[in-house]
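Structure file data.txt (compact mmCIF, C-alpha atoms) follows.
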# COMPACT_ATOMS: atom_id res chain seq x y z
CA MET A 166 38.39 -19.78 23.26
CA THR A 167 35.41 -18.79 21.11
CA GLU A 168 36.82 -20.83 18.21
CA ASP A 169 35.07 -23.84 19.74
CA PHE A 170 31.63 -22.18 19.72
CA HIS A 171 29.76 -23.30 16.62
CA ARG A 172 27.43 -20.30 16.26
CA ILE A 173 30.21 -17.78 16.84
CA ARG A 174 32.32 -19.48 14.17
CA ARG A 175 29.50 -18.94 11.68
CA LEU A 176 29.62 -15.16 12.14
CA PRO A 177 32.11 -13.27 9.96
CA PRO A 178 34.19 -10.39 11.33
CA TYR A 179 32.03 -7.35 12.02
CA VAL A 180 32.30 -5.32 8.83
CA PHE A 181 31.60 -1.99 10.49
CA ALA A 182 34.32 -2.49 13.14
CA GLU A 183 37.21 -1.03 11.12
CA VAL A 184 35.32 2.15 10.30
CA ASN A 185 34.03 2.45 13.88
CA GLN A 186 37.56 2.08 15.25
CA ALA A 187 38.88 4.70 12.86
CA LYS A 188 36.01 7.02 13.83
CA ALA A 189 36.75 6.56 17.53
CA LYS A 190 40.44 7.24 16.95
CA ALA A 191 39.68 10.43 15.02
CA ARG A 192 37.36 11.70 17.74
CA ALA A 193 39.90 10.87 20.41
CA ALA A 194 42.25 13.17 18.49
CA ALA A 195 39.59 15.92 18.76
CA GLU A 196 38.69 15.75 15.06
CA ASP A 197 35.18 16.89 14.16
CA ILE A 198 33.59 13.91 12.41
CA VAL A 199 30.15 14.24 10.81
CA ASP A 200 28.67 10.83 11.54
CA LEU A 201 26.29 9.71 8.79
CA GLY A 202 26.97 6.04 9.44
CA MET A 203 24.50 4.58 11.92
CA GLY A 204 20.75 4.95 11.32
CA ASN A 205 20.17 6.47 14.75
CA PRO A 206 17.50 9.21 14.74
CA ASP A 207 18.83 12.45 16.20
CA SER A 208 15.45 14.07 16.93
CA PRO A 209 13.82 13.75 20.37
CA THR A 210 10.82 11.55 21.03
CA PRO A 211 7.61 13.66 20.80
CA PRO A 212 6.76 15.36 24.12
CA HIS A 213 3.35 13.71 24.62
CA ILE A 214 4.99 10.26 24.47
CA VAL A 215 7.68 11.25 26.96
CA ALA A 216 5.01 12.75 29.25
CA LYS A 217 3.08 9.47 29.24
CA LEU A 218 6.26 7.57 30.13
CA ILE A 219 6.89 9.89 33.09
CA GLU A 220 3.31 9.55 34.25
CA ALA A 221 3.40 5.75 34.02
CA VAL A 222 6.78 5.34 35.70
CA GLN A 223 5.55 7.26 38.74
CA ASN A 224 3.03 4.48 39.37
CA PRO A 225 4.83 1.78 41.40
CA ASP A 226 2.44 -0.84 40.05
CA THR A 227 4.31 -0.60 36.73
CA HIS A 228 7.72 -1.45 38.22
CA GLY A 229 7.39 -5.23 38.24
CA TYR A 230 7.71 -7.79 35.50
CA SER A 231 5.64 -7.02 32.44
CA ALA A 232 3.93 -9.25 29.87
CA SER A 233 6.32 -10.89 27.43
CA LYS A 234 3.86 -10.68 24.52
CA GLY A 235 2.98 -7.07 25.35
CA ILE A 236 0.27 -5.58 27.55
CA PRO A 237 -3.25 -5.98 26.07
CA GLY A 238 -3.70 -2.26 25.46
CA LEU A 239 -0.53 -2.12 23.37
CA ARG A 240 -1.51 -5.08 21.22
CA ARG A 241 -4.94 -3.50 20.69
CA ALA A 242 -3.27 -0.22 19.73
CA LEU A 243 -1.14 -1.96 17.10
CA ALA A 244 -4.23 -3.69 15.71
CA ALA A 245 -6.00 -0.33 15.54
CA TYR A 246 -3.01 1.16 13.67
CA TYR A 247 -3.18 -1.62 11.05
CA ALA A 248 -6.92 -1.05 10.66
CA ARG A 249 -6.44 2.72 10.13
CA ARG A 250 -3.33 2.61 8.01
CA PHE A 251 -3.73 -0.56 5.94
CA ASN A 252 -7.39 -1.56 6.37
CA VAL A 253 -6.12 -4.85 7.82
CA GLU A 254 -7.97 -6.53 10.68
CA LEU A 255 -5.81 -8.22 13.33
CA ASP A 256 -6.78 -10.21 16.39
CA PRO A 257 -4.72 -8.64 19.22
CA GLU A 258 -4.73 -11.95 21.12
CA THR A 259 -3.51 -14.31 18.41
CA GLU A 260 -2.08 -12.19 15.58
CA VAL A 261 0.02 -9.58 17.43
CA VAL A 262 3.03 -9.80 19.72
CA ALA A 263 5.13 -6.90 21.03
CA THR A 264 8.88 -7.23 20.59
CA LEU A 265 11.95 -5.45 21.94
CA GLY A 266 12.38 -3.65 18.65
CA SER A 267 11.87 -5.39 15.32
CA LYS A 268 15.47 -6.67 15.38
CA GLU A 269 14.86 -8.80 18.49
CA GLY A 270 11.62 -10.10 17.03
CA LEU A 271 13.29 -11.16 13.78
CA ALA A 272 16.13 -12.87 15.64
CA ASN A 273 13.84 -14.78 17.99
CA LEU A 274 11.49 -15.84 15.20
CA SER A 275 14.55 -17.10 13.32
CA ALA A 276 15.39 -19.30 16.29
CA ALA A 277 11.79 -20.41 16.68
CA ILE A 278 11.22 -21.66 13.14
CA THR A 279 14.68 -22.74 11.94
CA SER A 280 16.45 -26.08 12.15
CA PRO A 281 20.13 -26.60 11.26
CA GLY A 282 20.39 -27.09 7.52
CA ASP A 283 17.26 -25.14 6.61
CA THR A 284 17.54 -22.73 3.69
CA ILE A 285 16.30 -19.15 3.99
CA LEU A 286 15.95 -16.75 1.05
CA VAL A 287 17.32 -13.29 1.87
CA PRO A 288 17.79 -10.19 -0.33
CA ASN A 289 21.39 -9.11 -0.82
CA PRO A 290 22.14 -6.36 0.15
CA SER A 291 19.86 -6.32 3.16
CA TYR A 292 19.75 -5.29 6.83
CA PRO A 293 22.21 -7.63 8.62
CA ILE A 294 19.72 -9.29 11.01
CA HIS A 295 17.79 -10.60 8.00
CA GLN A 296 20.54 -13.09 7.27
CA PHE A 297 22.48 -13.34 10.52
CA GLY A 298 19.45 -14.09 12.67
CA PHE A 299 19.03 -17.27 10.65
CA ILE A 300 22.75 -17.99 10.43
CA ILE A 301 22.99 -17.87 14.24
CA ALA A 302 20.02 -20.26 14.37
CA GLY A 303 21.89 -22.73 12.17
CA ALA A 304 20.28 -22.13 8.80
CA SER A 305 21.89 -21.64 5.42
CA VAL A 306 21.14 -18.40 3.59
CA ARG A 307 20.65 -18.12 -0.16
CA SER A 308 20.92 -14.63 -1.63
CA ILE A 309 18.31 -13.24 -3.99
CA PRO A 310 18.17 -9.86 -5.82
CA HIS A 311 17.22 -6.97 -3.55
CA ALA A 312 14.94 -5.01 -5.91
CA PRO A 313 11.21 -5.80 -6.13
CA GLY A 314 10.41 -7.01 -9.62
CA GLU A 315 10.74 -9.75 -12.17
CA GLU A 316 14.41 -10.47 -11.47
CA MET A 317 13.64 -11.26 -7.82
CA LEU A 318 10.64 -13.40 -8.75
CA GLN A 319 12.70 -15.40 -11.26
CA ALA A 320 15.46 -15.85 -8.68
CA LEU A 321 12.90 -17.14 -6.17
CA ASP A 322 11.66 -19.68 -8.68
CA ARG A 323 15.22 -20.90 -9.32
CA ALA A 324 15.93 -21.05 -5.60
CA VAL A 325 12.95 -23.30 -4.93
CA ARG A 326 13.80 -25.59 -7.84
CA HIS A 327 17.48 -25.92 -6.97
CA SER A 328 17.58 -25.80 -3.16
CA VAL A 329 17.69 -29.00 -1.12
CA PRO A 330 15.89 -28.97 1.22
CA LYS A 331 13.23 -26.61 -0.10
CA PRO A 332 13.53 -23.11 1.46
CA THR A 333 11.66 -22.58 4.71
CA ALA A 334 11.16 -18.83 4.58
CA LEU A 335 11.68 -15.68 2.54
CA ILE A 336 12.60 -12.22 3.82
CA VAL A 337 11.23 -9.08 2.16
CA ASN A 338 12.07 -5.56 3.32
CA PHE A 339 10.39 -2.57 1.66
CA PRO A 340 11.04 0.29 2.06
CA SER A 341 14.47 -1.28 2.08
CA ASN A 342 17.34 -0.71 4.43
CA PRO A 343 19.85 0.07 2.96
CA THR A 344 18.60 0.82 -0.56
CA GLY A 345 15.41 2.81 0.07
CA LEU A 346 13.55 0.87 -2.63
CA MET A 347 9.77 0.49 -2.28
CA ALA A 348 7.40 -2.30 -3.30
CA GLY A 349 3.78 -2.07 -4.37
CA LEU A 350 0.80 -4.29 -3.66
CA ASP A 351 1.07 -6.00 -7.06
CA PHE A 352 4.52 -7.25 -6.11
CA TYR A 353 3.28 -8.45 -2.74
CA ARG A 354 0.45 -10.32 -4.47
CA GLU A 355 3.07 -12.18 -6.50
CA ILE A 356 5.06 -12.95 -3.35
CA VAL A 357 2.04 -14.24 -1.45
CA ALA A 358 0.96 -16.42 -4.38
CA PHE A 359 4.50 -17.79 -4.69
CA ALA A 360 4.73 -18.51 -0.96
CA LYS A 361 1.39 -20.31 -0.91
CA LYS A 362 2.26 -22.39 -3.97
CA HIS A 363 5.55 -23.57 -2.46
CA GLU A 364 4.48 -23.58 1.21
CA ILE A 365 7.08 -21.02 2.27
CA PHE A 366 6.68 -18.49 5.06
CA VAL A 367 7.23 -14.79 4.32
CA LEU A 368 8.78 -12.46 6.89
CA SER A 369 8.18 -8.83 5.95
CA ASP A 370 10.23 -6.06 7.59
CA LEU A 371 8.19 -2.83 7.44
CA ALA A 372 10.25 -0.75 9.86
CA TYR A 373 10.20 2.28 7.50
CA ALA A 374 6.46 2.21 6.75
CA GLU A 375 5.93 5.88 7.64
CA LEU A 376 9.15 7.37 6.28
CA TYR A 377 8.24 8.15 2.66
CA TYR A 378 8.46 11.35 0.63
CA GLY A 379 6.00 11.32 -2.24
CA ASP A 380 2.51 10.20 -3.19
CA LYS A 381 3.59 6.56 -3.25
CA VAL A 382 2.73 5.19 0.21
CA PRO A 383 4.36 1.95 1.42
CA PRO A 384 1.76 -0.84 1.70
CA SER A 385 1.71 -3.82 4.05
CA ILE A 386 2.01 -7.32 2.68
CA LEU A 387 -0.92 -8.16 4.98
CA GLU A 388 -3.18 -6.07 2.71
CA VAL A 389 -3.07 -8.92 0.19
CA PRO A 390 -6.08 -11.22 0.68
CA GLY A 391 -4.89 -14.45 2.28
CA ALA A 392 -1.48 -13.07 3.19
CA LYS A 393 -1.93 -14.01 6.83
CA ASP A 394 -1.91 -17.66 5.73
CA VAL A 395 1.83 -17.39 5.07
CA ALA A 396 3.15 -13.99 6.22
CA VAL A 397 4.19 -12.21 9.36
CA GLU A 398 5.23 -8.56 9.39
CA PHE A 399 7.57 -6.65 11.69
CA THR A 400 7.12 -2.98 12.49
CA SER A 401 8.94 -0.66 14.85
CA MET A 402 8.45 2.50 16.88
CA SER A 403 12.11 3.45 16.38
CA LYS A 404 11.93 5.59 13.25
CA THR A 405 8.23 6.46 13.15
CA TYR A 406 8.24 8.13 16.58
CA ASN A 407 11.99 8.69 17.16
CA MET A 408 11.95 5.97 19.82
CA ALA A 409 15.04 4.00 18.75
CA GLY A 410 16.48 3.60 22.24
CA TRP A 411 13.13 2.64 23.73
CA ARG A 412 13.29 -0.74 21.92
CA MET A 413 9.67 -1.28 21.04
CA GLY A 414 8.42 -3.15 17.99
CA PHE A 415 5.82 -5.66 16.86
CA ALA A 416 5.19 -8.78 14.85
CA ALA A 417 1.74 -9.24 13.29
CA GLY A 418 0.08 -11.71 10.97
CA ASN A 419 0.21 -15.49 10.65
CA ARG A 420 -1.06 -17.11 13.86
CA LYS A 421 1.33 -20.05 13.74
CA LEU A 422 4.36 -17.77 13.44
CA ILE A 423 3.05 -15.39 16.11
CA ALA A 424 2.46 -18.33 18.47
CA ALA A 425 5.98 -19.64 17.85
CA LEU A 426 7.55 -16.25 18.51
CA THR A 427 5.40 -15.70 21.60
CA ARG A 428 6.41 -19.07 23.04
CA VAL A 429 10.13 -18.54 22.48
CA LYS A 430 9.95 -15.04 23.96
CA SER A 431 8.17 -16.37 27.04
CA TYR A 432 11.35 -18.28 27.87
CA LEU A 433 13.70 -15.39 27.15
CA ASP A 434 12.22 -12.12 28.44
CA TYR A 435 9.46 -10.48 30.44
CA GLY A 436 8.74 -7.89 27.79
CA ALA A 437 9.61 -4.22 27.69
CA PHE A 438 9.35 -2.11 30.85
CA THR A 439 5.62 -1.47 31.34
CA PRO A 440 5.88 2.36 31.26
CA ILE A 441 7.54 2.08 27.84
CA GLN A 442 4.62 -0.01 26.64
CA VAL A 443 2.13 2.47 28.08
CA ALA A 444 3.93 5.34 26.34
CA SER A 445 3.89 3.34 23.10
CA VAL A 446 0.11 3.09 23.38
CA ALA A 447 0.02 6.89 23.66
CA ALA A 448 2.17 7.11 20.52
CA LEU A 449 -0.03 4.81 18.43
CA ASN A 450 -3.36 6.17 19.68
CA GLY A 451 -2.40 9.82 20.08
CA PRO A 452 -1.86 12.73 17.65
CA GLN A 453 0.02 11.73 14.53
CA ASP A 454 1.18 15.16 13.32
CA CYS A 455 4.64 14.29 14.66
CA ILE A 456 4.97 11.73 11.85
CA GLU A 457 4.37 14.33 9.14
CA GLU A 458 6.89 16.61 10.84
CA MET A 459 9.39 13.75 10.83
CA ARG A 460 8.82 13.22 7.10
CA ARG A 461 9.29 16.92 6.42
CA LEU A 462 12.56 16.92 8.35
CA TYR A 463 14.03 13.94 6.50
CA ARG A 464 12.75 15.18 3.13
CA GLU A 465 14.61 18.46 3.67
CA ARG A 466 17.78 16.62 4.66
CA ARG A 467 17.47 14.24 1.72
CA ASP A 468 17.15 17.09 -0.76
CA VAL A 469 20.16 18.95 0.67
CA LEU A 470 22.28 15.79 0.72
CA VAL A 471 21.40 14.53 -2.75
CA LYS A 472 21.75 17.96 -4.38
CA GLY A 473 25.09 18.57 -2.65
CA LEU A 474 26.51 15.20 -3.64
CA LYS A 475 25.50 15.71 -7.27
CA GLN A 476 27.09 19.15 -7.27
CA ALA A 477 30.25 17.51 -5.94
CA GLY A 478 30.23 15.12 -8.91
CA TRP A 479 28.84 12.12 -7.01
CA ASP A 480 25.64 11.12 -8.81
CA VAL A 481 23.35 9.31 -6.37
CA PRO A 482 19.70 8.22 -6.61
CA VAL A 483 16.97 10.13 -4.82
CA PRO A 484 15.44 7.74 -2.26
CA GLU A 485 11.66 7.50 -2.27
CA ALA A 486 11.60 6.31 1.33
CA GLY A 487 13.76 5.54 4.34
CA MET A 488 16.46 7.63 5.99
CA PHE A 489 19.43 6.64 3.84
CA VAL A 490 21.06 7.42 0.52
CA TRP A 491 22.41 4.24 -1.08
CA ALA A 492 25.34 5.64 -3.02
CA GLU A 493 27.44 3.79 -5.56
CA ILE A 494 31.14 4.42 -4.94
CA PRO A 495 32.59 6.83 -7.55
CA GLU A 496 34.22 4.85 -10.33
CA ARG A 497 37.82 5.85 -9.62
CA PHE A 498 37.52 4.53 -6.05
CA ARG A 499 35.41 1.45 -6.76
CA ALA A 500 38.32 -0.98 -6.77
CA LEU A 501 38.97 -0.10 -3.12
CA GLY A 502 35.72 -1.69 -1.98
CA SER A 503 33.30 -0.13 0.47
CA VAL A 504 35.33 -0.57 3.67
CA GLU A 505 38.48 1.13 2.37
CA PHE A 506 36.44 3.84 0.65
CA SER A 507 34.56 4.51 3.88
CA LYS A 508 37.89 4.84 5.72
CA LEU A 509 39.08 7.20 2.99
CA LEU A 510 36.02 9.41 3.44
CA LEU A 511 36.53 9.40 7.19
CA ASN A 512 40.19 10.38 7.02
CA LYS A 513 40.03 12.89 4.20
CA ALA A 514 36.51 14.32 4.25
CA LYS A 515 35.87 13.81 8.00
CA VAL A 516 32.59 12.06 7.20
CA ALA A 517 31.58 8.65 8.52
CA VAL A 518 29.36 6.42 6.37
CA ALA A 519 28.42 2.74 6.52
CA PRO A 520 30.31 0.43 4.11
CA GLY A 521 27.92 -1.44 1.85
CA LEU A 522 29.71 -4.74 2.48
CA GLY A 523 28.07 -4.78 5.90
CA PHE A 524 24.73 -5.41 4.16
CA GLY A 525 25.97 -8.32 2.06
CA GLU A 526 28.69 -8.96 -0.49
CA HIS A 527 26.56 -7.48 -3.27
CA GLY A 528 26.62 -4.17 -1.41
CA ASP A 529 30.38 -3.75 -1.62
CA THR A 530 30.11 -1.31 -4.54
CA HIS A 531 28.08 1.13 -2.39
CA VAL A 532 28.07 3.02 0.88
CA ARG A 533 25.04 3.92 2.96
CA ILE A 534 24.72 7.56 3.99
CA ALA A 535 22.29 8.20 6.84
CA MET A 536 20.34 11.44 7.12
CA VAL A 537 20.81 11.64 10.88
CA GLU A 538 22.39 15.08 11.22
CA ASN A 539 20.80 18.49 10.78
CA THR A 540 21.16 20.37 7.50
CA HIS A 541 23.99 22.52 8.90
CA ARG A 542 26.06 19.42 9.64
CA ILE A 543 25.08 17.80 6.34
CA ARG A 544 26.36 20.87 4.50
CA GLN A 545 29.58 20.62 6.51
CA ALA A 546 29.87 16.99 5.40
CA LEU A 547 29.25 18.01 1.80
CA ARG A 548 32.06 20.57 1.92
CA GLY A 549 34.43 17.87 3.07
CA ILE A 550 33.25 15.42 0.43
CA ARG A 551 33.40 18.05 -2.32
CA GLY A 552 36.96 18.94 -1.43
CA PHE A 553 37.99 15.31 -1.21
CA LEU A 554 36.48 14.37 -4.58
CA ALA A 555 37.99 17.45 -6.23
CA THR A 556 41.55 16.68 -5.17
CA ASP A 557 41.96 13.01 -4.28
CA ASN A 558 43.12 10.47 -6.82
CA GLY A 559 42.64 7.40 -4.66
CA GLY A 560 45.77 7.81 -2.55
CA PRO A 561 46.40 6.59 0.99
CA ALA A 562 43.56 6.97 3.46
CA GLU A 563 46.01 8.34 6.03
CA SER A 564 46.48 11.62 4.16
CA PRO A 565 44.96 14.49 6.19
CA VAL A 566 42.29 16.68 4.68
CA SER A 567 43.33 20.28 4.17
CA ALA A 568 41.49 22.91 6.18
CA GLU A 569 40.90 24.85 2.95
CA LEU A 570 38.82 22.03 1.53
CA VAL A 571 36.03 22.37 4.08
CA LYS A 572 35.42 26.06 3.45
CA GLU A 573 32.53 27.31 1.35
Can the structure in the file be given as structure tokens, please?
Amino acid sequence: MTEDFHRIRRLPPYVFAEVNQAKAKARAAAEDIVDLGMGNPDSPTPPHIVAKLIEAVQNPDTHGYSASKGIPGLRRALAAYYARRFNVELDPETEVVATLGSKEGLANLSAAITSPGDTILVPNPSYPIHQFGFIIAGASVRSIPHAPGEEMLQALDRAVRHSVPKPTALIVNFPSNPTGLMAGLDFYREIVAFAKKHEIFVLSDLAYAELYYGDKVPPSILEVPGAKDVAVEFTSMSKTYNMAGWRMGFAAGNRKLIAALTRVKSYLDYGAFTPIQVASVAALNGPQDCIEEMRRLYRERRDVLVKGLKQAGWDVPVPEAGMFVWAEIPERFRALGSVEFSKLLLNKAKVAVAPGLGFGEHGDTHVRIAMVENTHRIRQALRGIRGFLATDNGGPAESPVSAELVKE
């Protein structure tokens, strides 16, 4: 019956479904699968944040409907974070709105600002909501290169000159999910100047702002003078504070975009449960040593994973940021595409990864490997991958992996 629903028809089959079904089948057969597919943090939320939630939930005054745009203290806390971290001043009343995770905020802003037939510029590969939020809203999506630099800027210029109607908005996402690439302020200055020249809004996804590993620190596009004239930025508590299931995020920046998102949300939700918002205030305003500990944890996992893959003969880049390794499929398997290669890894190495096709057609030569298991489990995954790469010649995915291949 859904074939008659216009917006459902515009959505392609869920790319991750085949791998997820195969993973569920393997686990039902009691197979031990190391799941490096979904970017779901495995560490607990810091204790002081949990304690604040418990304290707040014991107050019955917090049990009713909350504020859709976020309680005032939470919006002030986000503004204070931007002032500390980026030296950016935000008005908590007009330039900040709390969202149910950055994904919900992106989707609802897509609906708020998009008319059927609008064109949106989206990096490819990119996090799925970046394109599908707009597709659901009725827009057309035009792919641009995913790496910050001259190629992307030239593609943007071509897109504006050759798109009818002129594009409405541009998505940028650095540090990138899935690639881990970072952008600098010079690149953002170019983007802001371009957007102002062509009267295009910029939606920046900064969900991985605090997950970086070297001296290069991810900036905010809002640091560029005048950026708030055209840009809004989405951040999230999910990765920074291991609060993925709590569903708390923010949009900040351009007042017109914030007002549009706030108005749409007022019709759709009553905001996050108030104790979650109170606990989020404690996270933003409280001790931040938990963030450095989180970076240390992922840096250790990254180093183990990258070194092990290279030793296995799979040369992958070292991500500067994020919680993923964006790995090009080894050449002898590349013709399979990312979905079939992911199924092959699952069946033969007992390791689940995310097929790159799920992030756009230009991602089909890669898989995304998430650093969401401890180093013991990552080493177990590496043993399986090493054995698989040493013996497999691209045969059927149904072939079982030998027990000998997962030994040290």
Measure the distance from CA of Ser403 in chain A to CA of Ala444 in chain A in Å and round it to one decimal.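 The value is 13.0 Å.
Neighbours of Val261 in chain A closer than or equal to 7 Å, with only C-alpha atoms counted and sequence neighbours fewer than 3 positions away skipped, come out as A:Arg240, A:Asp256, A:Pro257, A:Glu258, A:Ala416, A:Ala417, A:Gly418, A:Ile423.
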Distance cut-off 10 Å, centre (25.1, -19.0, 1.0) in file coordinates, counting all atoms listed in the file: which residues qualify? Return them as a list in words.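 Residues with an atom at most 10 Å from (25.1, -19.0, 1.0): Thr284, Ile285, Leu286, Val287, Gln296, Ile300, Ala304, Ser305, Val306, Arg307 and Ser308 of chain A.
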State, in Å with one decimal place, the distance from CA of Pro384 in chain A to CA of Phe399 in chain A.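 Separation of CA of Pro384 in chain A and CA of Phe399 in chain A: 12.9 Å.
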For a test of reading the model, state the distance in Å between CA of Glu355 in chain A and CA of Gly314 in chain A, rounded to one decimal.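 These two atoms are separated by 9.5 Å.
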For range 542-550 of chain A: contacts at 9 Å, all atoms listed in the file, fewer than 4 positions along chain excluded, given as a PyMOL selection string: chain A and resi 198-201+466+469-470+473-474+477+510+513-516+536-538+554-555+566+570-573
Within 8 Å of range 519-524 of chain A using only C-alpha atoms, minus same-chain residues under 3 positions, as a list in words: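 Surrounding residues, per the criterion: Tyr179, Val180, Phe181, Val184, Leu201, Gly202, Met203, Asn289, Pro290, Ser291, Tyr292, Pro293, Pro343, Ser503, Val504, Phe506, Ser507, His527, Gly528, Asp529, Thr530, His531, Val532, Arg533 and Ile534 of chain A.
Among A:Val443, A:Ala221, A:Leu265, A:Cys455, the residue with the shortest atom-to-atom distance to Gly238 in chain A, counting all atoms listed in the file, is A:Val443.
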Distance criterion (all atoms listed in the file): nearest to Pro482 in chain A out of A:Thr540, A:Thr344, A:Thr400, A:Asn224: A:Thr344
Restricting the calculation to only C-alpha atoms, which member of A:Pro330, A:Gly349, A:Gly379, A:Pro440 is positioned closest to Val215 in chain A? A:Pro440
For the contact check between range 385-493 of chain A and range 356-368 of chain A, emit one row per residue of range 385-493 of chain A within 6 Å, containing the shortest atom pair and the distance in Å rounded to one decimal, counting all atoms listed in the file, chain then rising number order, as CSV.
residue,atom,partner,partner_atom,distance
A:Ala392,CA,A:Val357,CA,5.9
A:Val395,CA,A:Phe366,CA,5.0
A:Ala396,CA,A:Val367,CA,4.6
A:Val397,CA,A:Leu368,CA,5.2
A:Glu398,CA,A:Leu368,CA,5.8
Which residues, written as a list in words, have at least one atom at most 7 Å from range 428-434 of chain A, with all atoms listed in the file counted and residues fewer than 6 positions away on the same chain left out?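 Result of the neighbour search: Ser233, Asn273 and Ala277 of chain A.
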Pick the closest to Gln453 in chain A from A:Glu375, A:Glu465, A:Glu388, A:Asp394: which is it, counting all atoms listed in the file?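 Nearest candidate to Gln453 in chain A out of A:Glu375, A:Glu465, A:Glu388, A:Asp394: A:Glu375.
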Go through A:Asn512, A:Gln186, A:Gln442, A:Asn539 and flag the residue nearest Ser231 in chain A, using only C-alpha atoms for the distances.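 Among the listed residues, A:Gln442 lies closest to Ser231 in chain A.
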Spatial neighbours of Pro206 in chain A, 10 Å, only C-alpha atoms, chain gap at least 2 places, as a VMD selection string: chain A and resid 203 to 204 208 to 210 403 to 410 488 535 to 538
Keeping only C-alpha atoms, write the selected residues to a file as a short mmCIF file (atom, residue, chain, number, x, y, z; two decimals), keeping the file's coordinate frame.
data_model
loop_
_atom_site.label_atom_id
_atom_site.label_comp_id
_atom_site.auth_asym_id
_atom_site.auth_seq_id
_atom_site.Cartn_x
_atom_site.Cartn_y
_atom_site.Cartn_z
CA MET A 203 24.50 4.58 11.92
CA GLY A 204 20.75 4.95 11.32
CA SER A 208 15.45 14.07 16.93
CA PRO A 209 13.82 13.75 20.37
CA THR A 210 10.82 11.55 21.03
CA SER A 403 12.11 3.45 16.38
CA LYS A 404 11.93 5.59 13.25
CA THR A 405 8.23 6.46 13.15
CA TYR A 406 8.24 8.13 16.58
CA ASN A 407 11.99 8.69 17.16
CA MET A 408 11.95 5.97 19.82
CA ALA A 409 15.04 4.00 18.75
CA GLY A 410 16.48 3.60 22.24
CA MET A 488 16.46 7.63 5.99
CA ALA A 535 22.29 8.20 6.84
CA MET A 536 20.34 11.44 7.12
CA VAL A 537 20.81 11.64 10.88
CA GLU A 538 22.39 15.08 11.22
#
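Here the question is which of A:Lys508, A:His295, A:Arg461, A:Lys475 gets nearest to Pro495 in chain A using only C-alpha atoms, and that residue is A:Lys475.
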Here's a test: counting only C-alpha atoms, identify every protein, DNA and RNA residue with an atom at most 9 Å from (15.9, 0.1, -1.8) in the file's coordinate frame, and state them as a list in words. His311, Ala312, Pro313, Asn338, Phe339, Pro340, Ser341, Asn342, Pro343, Thr344, Gly345, Leu346, Met347, Ala348, Pro484, Glu485, Ala486, Gly487 and Trp491 of chain A
Expected file: the selected residues, C-alpha atoms, as a PDB file, keeping the file's coordinate frame:
ATOM      1  CA  HIS A 311      17.220  -6.970  -3.550  1.00  0.00           C
ATOM      2  CA  ALA A 312      14.940  -5.010  -5.910  1.00  0.00           C
ATOM      3  CA  PRO A 313      11.210  -5.800  -6.130  1.00  0.00           C
ATOM      4  CA  ASN A 338      12.070  -5.560   3.320  1.00  0.00           C
ATOM      5  CA  PHE A 339      10.390  -2.570   1.660  1.00  0.00           C
ATOM      6  CA  PRO A 340      11.040   0.290   2.060  1.00  0.00           C
ATOM      7  CA  SER A 341      14.470  -1.280   2.080  1.00  0.00           C
ATOM      8  CA  ASN A 342      17.340  -0.710   4.430  1.00  0.00           C
ATOM      9  CA  PRO A 343      19.850   0.070   2.960  1.00  0.00           C
ATOM     10  CA  THR A 344      18.600   0.820  -0.560  1.00  0.00           C
ATOM     11  CA  GLY A 345      15.410   2.810   0.070  1.00  0.00           C
ATOM     12  CA  LEU A 346      13.550   0.870  -2.630  1.00  0.00           C
ATOM     13  CA  MET A 347       9.770   0.490  -2.280  1.00  0.00           C
ATOM     14  CA  ALA A 348       7.400  -2.300  -3.300  1.00  0.00           C
ATOM     15  CA  PRO A 484      15.440   7.740  -2.260  1.00  0.00           C
ATOM     16  CA  GLU A 485      11.660   7.500  -2.270  1.00  0.00           C
ATOM     17  CA  ALA A 486      11.600   6.310   1.330  1.00  0.00           C
ATOM     18  CA  GLY A 487      13.760   5.540   4.340  1.00  0.00           C
ATOM     19  CA  TRP A 491      22.410   4.240  -1.080  1.00  0.00           C
TER      20      TRP A 491
END
